[in-house]
>>> print(open('model-v6.cif').read())   # mmCIF, C-alpha atoms and all ligand atoms
data_input
loop_
_atom_site.label_atom_id
_atom_site.label_comp_id
_atom_site.auth_asym_id
_atom_site.auth_seq_id
_atom_site.Cartn_x
_atom_site.Cartn_y
_atom_site.Cartn_z
CA MET A 15 45.18 -10.62 75.54
CA GLN A 16 45.37 -13.06 72.66
CA SER A 17 45.72 -16.14 74.88
CA LEU A 18 42.30 -15.41 76.39
CA TYR A 19 40.68 -16.10 73.02
CA SER A 20 41.36 -19.84 72.73
CA ASN A 21 42.24 -23.14 74.39
CA GLY A 22 39.33 -22.98 76.84
CA PHE A 23 40.22 -19.48 78.08
CA GLU A 24 37.62 -18.04 75.68
CA ASN A 25 35.05 -19.11 78.28
CA ILE A 26 36.67 -16.81 80.85
CA TYR A 27 36.58 -13.98 78.27
CA ASP A 28 32.96 -14.79 77.59
CA ASP A 29 32.01 -14.69 81.28
CA MET A 30 33.97 -11.55 82.15
CA TYR A 31 33.31 -9.39 79.12
CA GLN A 32 29.53 -9.73 79.29
CA THR A 33 29.83 -7.83 82.56
CA PHE A 34 32.25 -5.23 81.07
CA ILE A 35 30.40 -4.57 77.82
CA ASP A 36 26.73 -3.69 77.50
CA TYR A 37 26.12 -5.58 74.23
CA LYS A 38 22.55 -4.28 73.90
CA ASP A 39 23.88 -0.75 74.02
CA GLU A 40 26.65 -1.70 71.54
CA PHE A 41 24.00 -3.13 69.22
CA GLU A 42 21.86 0.00 69.43
CA PHE A 43 24.89 2.20 68.75
CA TYR A 44 26.22 0.27 65.73
CA SER A 45 22.84 -0.66 64.24
CA THR A 46 21.77 3.01 64.35
CA ILE A 47 24.84 3.96 62.30
CA ILE A 48 24.20 1.11 59.83
CA LYS A 49 20.55 2.08 59.41
CA GLU A 50 21.34 5.82 59.14
CA HIS A 51 23.35 4.95 56.03
CA GLN A 52 20.59 2.67 54.66
CA LYS A 53 22.83 -0.38 54.87
CA LYS A 54 21.19 -3.79 55.04
CA ASP A 55 23.92 -6.24 55.97
CA VAL A 56 27.02 -6.23 58.14
CA LEU A 57 30.18 -8.23 58.69
CA GLU A 58 31.57 -8.03 62.22
CA ILE A 59 35.33 -8.67 62.28
CA GLY A 60 36.54 -9.99 65.65
CA CYS A 61 33.06 -11.21 66.58
CA GLY A 62 34.39 -12.89 69.73
CA SER A 63 31.89 -15.12 71.51
CA GLY A 64 28.87 -13.83 69.56
CA HIS A 65 27.08 -11.48 71.97
CA LEU A 66 26.72 -8.57 69.56
CA ALA A 67 25.83 -11.19 66.92
CA LYS A 68 22.86 -12.32 69.00
CA HIS A 69 21.28 -8.85 68.89
CA PHE A 70 21.97 -8.35 65.16
CA ILE A 71 20.61 -11.78 64.24
CA ASN A 72 17.32 -10.81 65.91
CA SER A 73 17.19 -7.53 63.97
CA SER A 74 16.36 -6.39 60.43
CA VAL A 75 20.09 -6.14 59.56
CA SER A 76 21.60 -9.34 58.08
CA TYR A 77 24.62 -10.29 60.15
CA TYR A 78 27.84 -12.24 59.45
CA GLY A 79 30.65 -12.75 61.96
CA MET A 80 34.36 -13.49 61.53
CA ASP A 81 37.09 -14.16 64.06
CA LEU A 82 40.72 -15.25 64.03
CA SER A 83 40.14 -17.72 66.84
CA ASP A 84 38.50 -20.99 65.95
CA ASP A 85 37.39 -21.40 69.57
CA MET A 86 35.64 -18.00 69.44
CA VAL A 87 33.94 -18.98 66.18
CA GLN A 88 32.70 -22.20 67.81
CA LEU A 89 31.41 -20.26 70.84
CA SER A 90 29.61 -17.80 68.54
CA LYS A 91 28.00 -20.69 66.65
CA LYS A 92 26.92 -22.35 69.89
CA ARG A 93 25.34 -19.11 71.10
CA ASN A 94 23.75 -18.40 67.71
CA PRO A 95 22.98 -21.66 65.89
CA SER A 96 21.24 -19.81 63.05
CA GLY A 97 24.13 -17.37 62.53
CA THR A 98 26.87 -17.43 59.89
CA PHE A 99 30.39 -17.26 61.28
CA TYR A 100 33.72 -17.54 59.49
CA LYS A 101 37.22 -18.11 60.76
CA GLY A 102 39.45 -15.42 59.29
CA ASP A 103 42.27 -12.98 59.92
CA MET A 104 41.39 -9.36 59.13
CA THR A 105 44.91 -8.79 57.75
CA ASN A 106 44.41 -11.51 55.15
CA PHE A 107 40.93 -12.85 54.39
CA THR A 108 38.82 -13.77 51.38
CA LEU A 109 35.09 -14.36 51.73
CA ASN A 110 33.01 -15.07 48.66
CA GLN A 111 30.70 -12.17 49.30
CA THR A 112 30.67 -8.42 49.83
CA PHE A 113 28.84 -6.41 52.48
CA ASP A 114 27.11 -3.05 52.91
CA ALA A 115 28.91 -2.44 56.20
CA ILE A 116 31.88 -3.86 58.12
CA ILE A 117 32.39 -3.20 61.83
CA ILE A 118 35.26 -3.87 64.25
CA THR A 119 34.24 -3.25 67.86
CA ALA A 120 35.63 -3.57 71.39
CA ARG A 121 39.03 -2.15 70.46
CA THR A 122 40.01 -5.16 68.37
CA THR A 123 42.05 -2.74 66.22
CA SER A 124 44.58 -2.77 69.10
CA TYR A 125 45.92 -6.02 67.63
CA LEU A 126 47.00 -4.31 64.40
CA LEU A 127 50.54 -3.75 65.58
CA SER A 128 52.31 -2.83 62.34
CA ASN A 129 51.32 -0.24 59.74
CA LYS A 130 51.48 -3.04 57.16
CA ALA A 131 48.84 -4.98 59.14
CA ILE A 132 46.63 -1.88 59.09
CA HIS A 133 47.05 -1.25 55.35
CA ASN A 134 46.41 -4.93 54.59
CA SER A 135 43.30 -4.96 56.78
CA ILE A 136 41.87 -1.78 55.27
CA GLN A 137 42.54 -3.11 51.76
CA ASN A 138 40.80 -6.40 52.59
CA ILE A 139 37.90 -4.52 54.12
CA LYS A 140 37.61 -2.29 51.03
CA ASN A 141 37.56 -5.37 48.78
CA HIS A 142 34.72 -6.85 50.84
CA LEU A 143 32.57 -3.72 50.84
CA ASN A 144 29.88 -2.87 48.32
CA GLU A 145 29.90 0.50 46.57
CA LYS A 146 29.79 3.34 49.16
CA GLY A 147 30.06 0.67 51.85
CA VAL A 148 30.53 1.80 55.45
CA PHE A 149 33.49 0.79 57.63
CA CYS A 150 32.99 1.51 61.32
CA PHE A 151 35.48 0.69 64.07
CA ASP A 152 36.81 1.86 67.41
CA PHE A 153 40.31 2.44 68.71
CA ILE A 154 42.03 3.33 71.98
CA ASP A 155 42.90 7.02 71.96
CA ALA A 156 46.63 7.30 72.71
CA ASN A 157 46.34 11.03 73.43
CA ARG A 158 44.15 10.45 76.45
CA PHE A 159 45.23 6.97 77.50
CA PHE A 160 49.03 7.23 77.44
CA PRO A 161 49.30 10.06 79.99
CA ILE A 162 47.28 7.86 82.40
CA ILE A 163 49.58 4.82 82.04
CA LYS A 164 52.78 6.83 81.41
CA ASP A 165 54.60 5.55 84.50
CA GLY A 166 52.84 2.18 84.57
CA LYS A 167 49.41 1.64 86.07
CA THR A 168 47.74 -1.28 87.83
CA ILE A 169 44.00 -1.61 87.38
CA ILE A 170 41.76 -4.27 88.94
CA HIS A 171 38.50 -5.33 87.28
CA GLU A 172 36.05 -7.67 88.93
CA ALA A 173 33.25 -9.58 87.24
CA GLU A 174 30.38 -11.42 88.83
CA ILE A 175 28.23 -13.68 86.70
CA GLN A 176 25.95 -16.60 87.54
CA ASN A 177 27.39 -16.99 91.06
CA LYS A 178 30.95 -16.94 89.68
CA LEU A 179 33.36 -14.24 90.77
CA TYR A 180 36.42 -13.28 88.71
CA SER A 181 39.16 -10.75 89.23
CA ARG A 182 41.70 -9.42 86.74
CA THR A 183 44.78 -7.45 87.69
CA SER A 184 46.15 -5.51 84.73
CA TYR A 185 49.45 -3.70 84.56
CA MET A 186 49.76 -1.35 81.61
CA LYS A 187 52.74 0.72 80.50
CA PRO A 188 53.66 2.37 77.19
CA THR A 189 56.55 0.82 75.29
CA ILE A 190 57.55 4.14 73.79
CA GLU A 191 60.81 2.82 72.38
CA LYS A 192 58.70 1.03 69.74
CA GLU A 193 57.86 2.63 66.41
CA ASN A 194 54.11 2.98 67.16
CA PHE A 195 52.05 3.84 70.25
CA MET A 196 52.32 0.39 71.78
CA PHE A 197 51.70 -0.54 75.37
CA GLN A 198 52.42 -3.63 77.37
CA TRP A 199 49.32 -5.17 78.97
CA ASN A 200 50.12 -7.83 81.54
CA ALA A 201 46.96 -9.36 82.93
CA THR A 202 46.47 -12.00 85.62
CA TYR A 203 43.09 -13.70 85.88
CA TYR A 204 41.73 -15.20 89.07
CA LYS A 205 38.51 -16.79 90.18
CA ILE A 206 37.45 -16.06 93.71
CA GLU A 207 36.02 -18.87 95.80
CA GLU A 208 35.36 -18.65 99.52
CA GLU A 209 37.29 -15.35 99.52
CA LYS A 210 40.39 -17.08 98.12
CA LYS A 211 42.00 -15.95 94.85
CA ILE A 212 42.73 -18.90 92.57
CA LEU A 213 45.01 -18.22 89.61
CA LEU A 214 43.38 -19.03 86.26
CA THR A 215 45.83 -17.70 83.70
CA GLU A 216 48.31 -14.96 82.93
CA ASP A 217 48.53 -13.05 79.72
CA GLN A 218 51.27 -10.73 78.52
CA SER A 219 50.43 -8.87 75.35
CA GLU A 220 51.67 -5.90 73.45
CA VAL A 221 48.78 -3.90 72.03
CA ARG A 222 48.42 -0.61 70.20
CA ALA A 223 46.71 2.71 70.74
CA PHE A 224 46.31 5.32 68.01
CA THR A 225 45.92 9.02 67.47
CA LYS A 226 42.98 10.29 65.42
CA ASN A 227 45.42 11.67 62.86
CA GLU A 228 47.00 8.28 62.27
CA TRP A 229 43.65 6.74 61.37
CA GLN A 230 42.76 9.77 59.21
CA LEU A 231 45.85 9.16 57.12
CA PHE A 232 45.50 5.35 56.98
CA LEU A 233 41.93 5.74 55.72
CA GLU A 234 42.72 8.53 53.27
CA LEU A 235 45.62 6.53 51.76
CA ASN A 236 43.31 3.56 51.29
CA ASP A 237 40.47 5.53 49.63
CA PHE A 238 38.06 5.93 52.51
CA GLU A 239 36.34 9.17 53.48
CA ILE A 240 35.79 9.78 57.20
CA LEU A 241 32.13 10.64 57.83
CA ASN A 242 32.25 10.93 61.58
CA SER A 243 34.47 10.42 64.66
CA ILE A 244 32.53 9.74 67.83
CA ASP A 245 34.03 10.08 71.31
CA ARG A 246 32.72 7.01 73.13
CA LYS A 247 34.14 5.91 76.45
CA SER A 248 34.35 2.16 76.97
CA TYR A 249 34.68 0.25 80.24
CA ALA A 250 38.43 0.78 80.65
CA PHE A 251 39.58 3.07 77.87
CA ASP A 252 38.99 6.38 76.18
CA THR A 253 38.01 5.42 72.67
CA TYR A 254 36.86 6.94 69.42
CA VAL A 255 34.53 5.27 66.97
CA VAL A 256 35.23 6.16 63.33
CA VAL A 257 32.59 5.95 60.62
CA ALA A 258 34.20 5.86 57.17
CA GLN A 259 32.88 5.28 53.67
CA LYS A 260 34.49 3.61 50.69
CA LYS A 261 35.10 6.29 48.04
C1 LIG B 1 38.56 -7.69 72.42
S1 LIG B 1 37.88 -9.11 71.65
C2 LIG B 1 36.35 -8.45 71.07
C3 LIG B 1 35.33 -9.51 70.78
C4 LIG B 1 33.92 -9.02 70.49
N1 LIG B 1 33.86 -8.02 69.43
C5 LIG B 1 33.25 -8.49 71.74
O1 LIG B 1 32.78 -7.35 71.70
O2 LIG B 1 33.20 -9.20 72.74
C6 LIG B 1 38.86 -9.23 70.19
C7 LIG B 1 38.48 -10.36 69.25
O3 LIG B 1 39.17 -10.16 68.01
C8 LIG B 1 39.73 -11.36 67.56
N2 LIG B 1 40.89 -11.03 66.74
C9 LIG B 1 42.12 -10.63 67.14
N3 LIG B 1 42.92 -10.41 66.08
C10 LIG B 1 42.15 -10.67 64.97
C11 LIG B 1 42.42 -10.66 63.56
N4 LIG B 1 43.63 -10.35 63.08
N5 LIG B 1 41.41 -10.98 62.73
C12 LIG B 1 40.18 -11.32 63.19
N6 LIG B 1 39.88 -11.37 64.51
C13 LIG B 1 40.86 -11.04 65.39
C14 LIG B 1 40.05 -12.15 68.83
O4 LIG B 1 40.14 -13.55 68.58
C15 LIG B 1 38.87 -11.76 69.73
O5 LIG B 1 37.79 -12.64 69.61
#
>>> encode(input="model-v6.cif", output="structure tokens", more="lines below")
Ligand SMILES: C[S@@+](CC[C@H](N)C(=O)[O-])C[C@H]1O[C@@H](n2cnc3c(N)ncnc32)[C@H](O)[C@@H]1O
Amino acid sequence: MQSLYSNGFENIYDDMYQTFIDYKDEFEFYSTIIKEHQKKDVLEIGCGSGHLAKHFINSSVSYYGMDLSDDMVQLSKKRNPSGTFYKGDMTNFTLNQTFDAIIITARTTSYLLSNKAIHNSIQNIKNHLNEKGVFCFDFIDANRFFPIIKDGKTIIHEAEIQNKLYSRTSYMKPTIEKENFMFQWNATYYKIEEEKKILLTEDQSEVRAFTKNEWQLFLELNDFEILNSIDRKSYAFDTYVVVAQKK
């Protein structure tokens, strides 16, 4: 999926995902957690094209966004001219500030393919959190998702926005010979005009699902306490949201 985040393809992501994700609902979900813990500011890692940002910027929580893709950062800035957005890689970033809360939404953790990438990210996140800071993120649940795609599965998603019609054909299959719970996600994107499918781009990515136990151990080893695990289905995946606190 990485190629959909830059070189002009971020606009296709932007169009399609606003029909897949209810960003208002995402905002209500994450801002409730942040407020429950009396946190006042948040860094969103993997902020994408700035839809969740828009809701946070209009709220009482101070918001900062960061993304690996420069094109996504530009799109976020265009959507939210008053917002603060940084280009940065969660596995290796230094911002000159710390935050009360850090969130990673929309299964962006799927791009942390190696255990080293996870440890590095959690360490970076810990270093950028204030005392008792909250780290909240979601992940694809391998226990429920892998049986569904065990033998390979094709899924079609359509998106209609502002008189534009898109279609994505995904083929997903576990790559169980790998050391972690990886799966191959081959996606082909089309726009549909006058009932004809016009190829836009193809994307072949390897991404990662997790078990709850894996995250429990990653967090424990990096001095976080898990406060809550919330079962929250997203548009295409069974996911958990973890709320953890810096010890
Ligand atoms: C699935 S999209 C989610 C975007 C956004 N949170 C949303 O809800 O629309 C994943 C985003 O994470 C970014 N990303 C991927 N790997 C990253 C990394 N190592 N560090 C920071 N951002 C990353 C991508 O560029 C992309 O914008």
>>> residues_near_ligand(input="model-v6.cif", ligand="ligand LIG 1 (chain B)", cutoff="6 Å", atoms="all atoms listed in the file", output="mmCIF file with C-alpha atoms, keeping the file's coordinate frame")
data_model
loop_
_atom_site.group_PDB
_atom_site.id
_atom_site.type_symbol
_atom_site.label_atom_id
_atom_site.label_comp_id
_atom_site.auth_asym_id
_atom_site.auth_seq_id
_atom_site.Cartn_x
_atom_site.Cartn_y
_atom_site.Cartn_z
ATOM 1 C CA TYR A 19 40.680 -16.100 73.020
ATOM 2 C CA ILE A 59 35.330 -8.670 62.280
ATOM 3 C CA GLY A 60 36.540 -9.990 65.650
ATOM 4 C CA CYS A 61 33.060 -11.210 66.580
ATOM 5 C CA GLY A 62 34.390 -12.890 69.730
ATOM 6 C CA ASP A 81 37.090 -14.160 64.060
ATOM 7 C CA LEU A 82 40.720 -15.250 64.030
ATOM 8 C CA SER A 83 40.140 -17.720 66.840
ATOM 9 C CA MET A 86 35.640 -18.000 69.440
ATOM 10 C CA GLY A 102 39.450 -15.420 59.290
ATOM 11 C CA ASP A 103 42.270 -12.980 59.920
ATOM 12 C CA MET A 104 41.390 -9.360 59.130
ATOM 13 C CA THR A 105 44.910 -8.790 57.750
ATOM 14 C CA THR A 119 34.240 -3.250 67.860
ATOM 15 C CA ALA A 120 35.630 -3.570 71.390
ATOM 16 C CA ARG A 121 39.030 -2.150 70.460
ATOM 17 C CA THR A 122 40.010 -5.160 68.370
ATOM 18 C CA TYR A 125 45.920 -6.020 67.630
#
>>> residues_around(input="model-v6.cif", residues="A:Met80", least_positions_apart="4", cutoff="12 Å", atoms="all atoms listed in the file", output="MDAnalysis selection string")
chainID A and resid 56:64 67 84:91 97:104 107:109 116:118
>>> write_last_selection(input="model-v6.cif", atoms="C-alpha atoms", output="PDB file, in the frame of the given file")
ATOM      1  CA  VAL A  56      27.020  -6.230  58.140  1.00  0.00           C
ATOM      2  CA  LEU A  57      30.180  -8.230  58.690  1.00  0.00           C
ATOM      3  CA  GLU A  58      31.570  -8.030  62.220  1.00  0.00           C
ATOM      4  CA  ILE A  59      35.330  -8.670  62.280  1.00  0.00           C
ATOM      5  CA  GLY A  60      36.540  -9.990  65.650  1.00  0.00           C
ATOM      6  CA  CYS A  61      33.060 -11.210  66.580  1.00  0.00           C
ATOM      7  CA  GLY A  62      34.390 -12.890  69.730  1.00  0.00           C
ATOM      8  CA  SER A  63      31.890 -15.120  71.510  1.00  0.00           C
ATOM      9  CA  GLY A  64      28.870 -13.830  69.560  1.00  0.00           C
ATOM     10  CA  ALA A  67      25.830 -11.190  66.920  1.00  0.00           C
ATOM     11  CA  ASP A  84      38.500 -20.990  65.950  1.00  0.00           C
ATOM     12  CA  ASP A  85      37.390 -21.400  69.570  1.00  0.00           C
ATOM     13  CA  MET A  86      35.640 -18.000  69.440  1.00  0.00           C
ATOM     14  CA  VAL A  87      33.940 -18.980  66.180  1.00  0.00           C
ATOM     15  CA  GLN A  88      32.700 -22.200  67.810  1.00  0.00           C
ATOM     16  CA  LEU A  89      31.410 -20.260  70.840  1.00  0.00           C
ATOM     17  CA  SER A  90      29.610 -17.800  68.540  1.00  0.00           C
ATOM     18  CA  LYS A  91      28.000 -20.690  66.650  1.00  0.00           C
ATOM     19  CA  GLY A  97      24.130 -17.370  62.530  1.00  0.00           C
ATOM     20  CA  THR A  98      26.870 -17.430  59.890  1.00  0.00           C
ATOM     21  CA  PHE A  99      30.390 -17.260  61.280  1.00  0.00           C
ATOM     22  CA  TYR A 100      33.720 -17.540  59.490  1.00  0.00           C
ATOM     23  CA  LYS A 101      37.220 -18.110  60.760  1.00  0.00           C
ATOM     24  CA  GLY A 102      39.450 -15.420  59.290  1.00  0.00           C
ATOM     25  CA  ASP A 103      42.270 -12.980  59.920  1.00  0.00           C
ATOM     26  CA  MET A 104      41.390  -9.360  59.130  1.00  0.00           C
ATOM     27  CA  PHE A 107      40.930 -12.850  54.390  1.00  0.00           C
ATOM     28  CA  THR A 108      38.820 -13.770  51.380  1.00  0.00           C
ATOM     29  CA  LEU A 109      35.090 -14.360  51.730  1.00  0.00           C
ATOM     30  CA  ILE A 116      31.880  -3.860  58.120  1.00  0.00           C
ATOM     31  CA  ILE A 117      32.390  -3.200  61.830  1.00  0.00           C
ATOM     32  CA  ILE A 118      35.260  -3.870  64.250  1.00  0.00           C
TER      33      ILE A 118
END
>>> closest_residue(input="model-v6.cif", among="A:Asn134, A:Asn94, A:Thr202, A:Asn129", to="A:Glu228", atoms="only C-alpha atoms")
A:Asn129
>>> atom_distance(input="model-v6.cif", atom1="atom CA of A:Tyr249", atom2="atom CA of A:Lys211")
23.0 Å
>>> closest_residue(input="model-v6.cif", among="A:Lys92, A:His133, A:Lys210, A:Lys260", to="A:Ala115", atoms="only C-alpha atoms")
A:Lys260
>>> residues_around(input="model-v6.cif", residues="A:Tyr31", least_positions_apart="4", cutoff="10 Å", atoms="all atoms listed in the file", output="number ranges by chain")
A: 25-27, 35-37, 63, 65, 120, 173, 249
>>> write_last_selection(input="model-v6.cif", atoms="C-alpha atoms", output="compact mmCIF listing (two decimals), in the coordinates of the input")
# COMPACT_ATOMS: atom_id res chain seq x y z
CA ASN A 25 35.05 -19.11 78.28
CA ILE A 26 36.67 -16.81 80.85
CA TYR A 27 36.58 -13.98 78.27
CA ILE A 35 30.40 -4.57 77.82
CA ASP A 36 26.73 -3.69 77.50
CA TYR A 37 26.12 -5.58 74.23
CA SER A 63 31.89 -15.12 71.51
CA HIS A 65 27.08 -11.48 71.97
CA ALA A 120 35.63 -3.57 71.39
CA ALA A 173 33.25 -9.58 87.24
CA TYR A 249 34.68 0.25 80.24
>>> residues_around(input="model-v6.cif", residues="stretch 154-164 of chain A", least_positions_apart="3", cutoff="12 Å", atoms="all atoms listed in the file", output="VMD selection string")
chain A and resid 119 to 126 151 167 to 169 184 to 190 194 to 199 221 to 229 243 to 256
>>> closest_residue(input="model-v6.cif", among="A:Lys49, A:Arg182, A:His69, A:Lys54", to="A:Leu213", atoms="only C-alpha atoms")
A:Arg182
>>> residues_around(input="model-v6.cif", residues="A:Ser76", least_positions_apart="2", cutoff="8 Å", atoms="all atoms listed in the file", output="ChimeraX atom specification")
/A:54-56,70-71,73-74,78
>>> atom_distance(input="model-v6.cif", atom1="atom CA of A:Asn144", atom2="atom CA of A:Asp114")
5.4 Å
>>> residues_around(input="model-v6.cif", residues="A:Glu234", least_positions_apart="3", cutoff="12 Å", atoms="all atoms listed in the file", output="PyMOL selection string")
chain A and resi 133+136-137+227-231+237-241+258-261
>>> atom_distance(input="model-v6.cif", atom1="atom CA of A:Lys146", atom2="atom CA of A:Phe41")
21.9 Å
>>> closest_residue(input="model-v6.cif", among="A:His171, A:Lys178, A:Lys68, A:Arg93", to="A:Ile206", atoms="only C-alpha atoms")
A:Lys178
>>> build_atoms(input="model-v6.cif", residues="stretch 20-36 of chain A", atoms="N, CA, C and O atoms", output="compact mmCIF listing (two decimals), keeping the file's coordinate frame")
# COMPACT_ATOMS: atom_id res chain seq x y z
N SER A 20 41.39 -18.44 73.19
CA SER A 20 41.36 -19.84 72.73
C SER A 20 41.78 -20.79 73.84
O SER A 20 42.08 -20.37 74.96
N ASN A 21 41.79 -22.06 73.48
CA ASN A 21 42.24 -23.14 74.39
C ASN A 21 41.46 -23.19 75.71
O ASN A 21 42.05 -23.44 76.76
N GLY A 22 40.17 -22.92 75.64
CA GLY A 22 39.33 -22.98 76.84
C GLY A 22 39.24 -21.64 77.56
O GLY A 22 38.26 -21.38 78.26
N PHE A 23 40.25 -20.77 77.38
CA PHE A 23 40.22 -19.48 78.08
C PHE A 23 39.17 -18.55 77.49
O PHE A 23 38.79 -17.56 78.11
N GLU A 24 38.68 -18.88 76.27
CA GLU A 24 37.62 -18.04 75.68
C GLU A 24 36.37 -18.03 76.57
O GLU A 24 35.59 -17.08 76.54
N ASN A 25 36.21 -19.09 77.38
CA ASN A 25 35.05 -19.11 78.28
C ASN A 25 35.19 -18.08 79.40
O ASN A 25 34.20 -17.52 79.87
N ILE A 26 36.43 -17.84 79.82
CA ILE A 26 36.67 -16.81 80.85
C ILE A 26 36.38 -15.44 80.23
O ILE A 26 35.73 -14.58 80.82
N TYR A 27 36.88 -15.23 78.98
CA TYR A 27 36.58 -13.98 78.27
C TYR A 27 35.06 -13.78 78.21
O TYR A 27 34.54 -12.71 78.53
N ASP A 28 34.41 -14.86 77.79
CA ASP A 28 32.96 -14.79 77.59
C ASP A 28 32.25 -14.38 78.88
O ASP A 28 31.40 -13.49 78.89
N ASP A 29 32.62 -15.02 79.98
CA ASP A 29 32.01 -14.69 81.28
C ASP A 29 32.30 -13.24 81.66
O ASP A 29 31.40 -12.47 81.99
N MET A 30 33.58 -12.87 81.61
CA MET A 30 33.97 -11.55 82.15
C MET A 30 33.47 -10.40 81.29
O MET A 30 32.96 -9.40 81.80
N TYR A 31 33.61 -10.54 79.96
CA TYR A 31 33.31 -9.39 79.12
C TYR A 31 31.82 -9.09 79.01
O TYR A 31 31.44 -7.97 78.72
N GLN A 32 30.96 -10.10 79.32
CA GLN A 32 29.53 -9.73 79.29
C GLN A 32 29.19 -8.84 80.48
O GLN A 32 28.15 -8.22 80.50
N THR A 33 30.08 -8.78 81.48
CA THR A 33 29.83 -7.83 82.56
C THR A 33 30.51 -6.48 82.27
O THR A 33 30.14 -5.47 82.81
N PHE A 34 31.54 -6.49 81.40
CA PHE A 34 32.25 -5.23 81.07
C PHE A 34 31.53 -4.46 79.96
O PHE A 34 31.57 -3.24 79.93
N ILE A 35 30.98 -5.22 79.01
CA ILE A 35 30.40 -4.57 77.82
C ILE A 35 28.89 -4.74 77.85
O ILE A 35 28.39 -5.86 78.03
N ASP A 36 28.18 -3.63 77.63
CA ASP A 36 26.73 -3.69 77.50
C ASP A 36 26.43 -3.95 76.01
O ASP A 36 26.40 -3.02 75.21
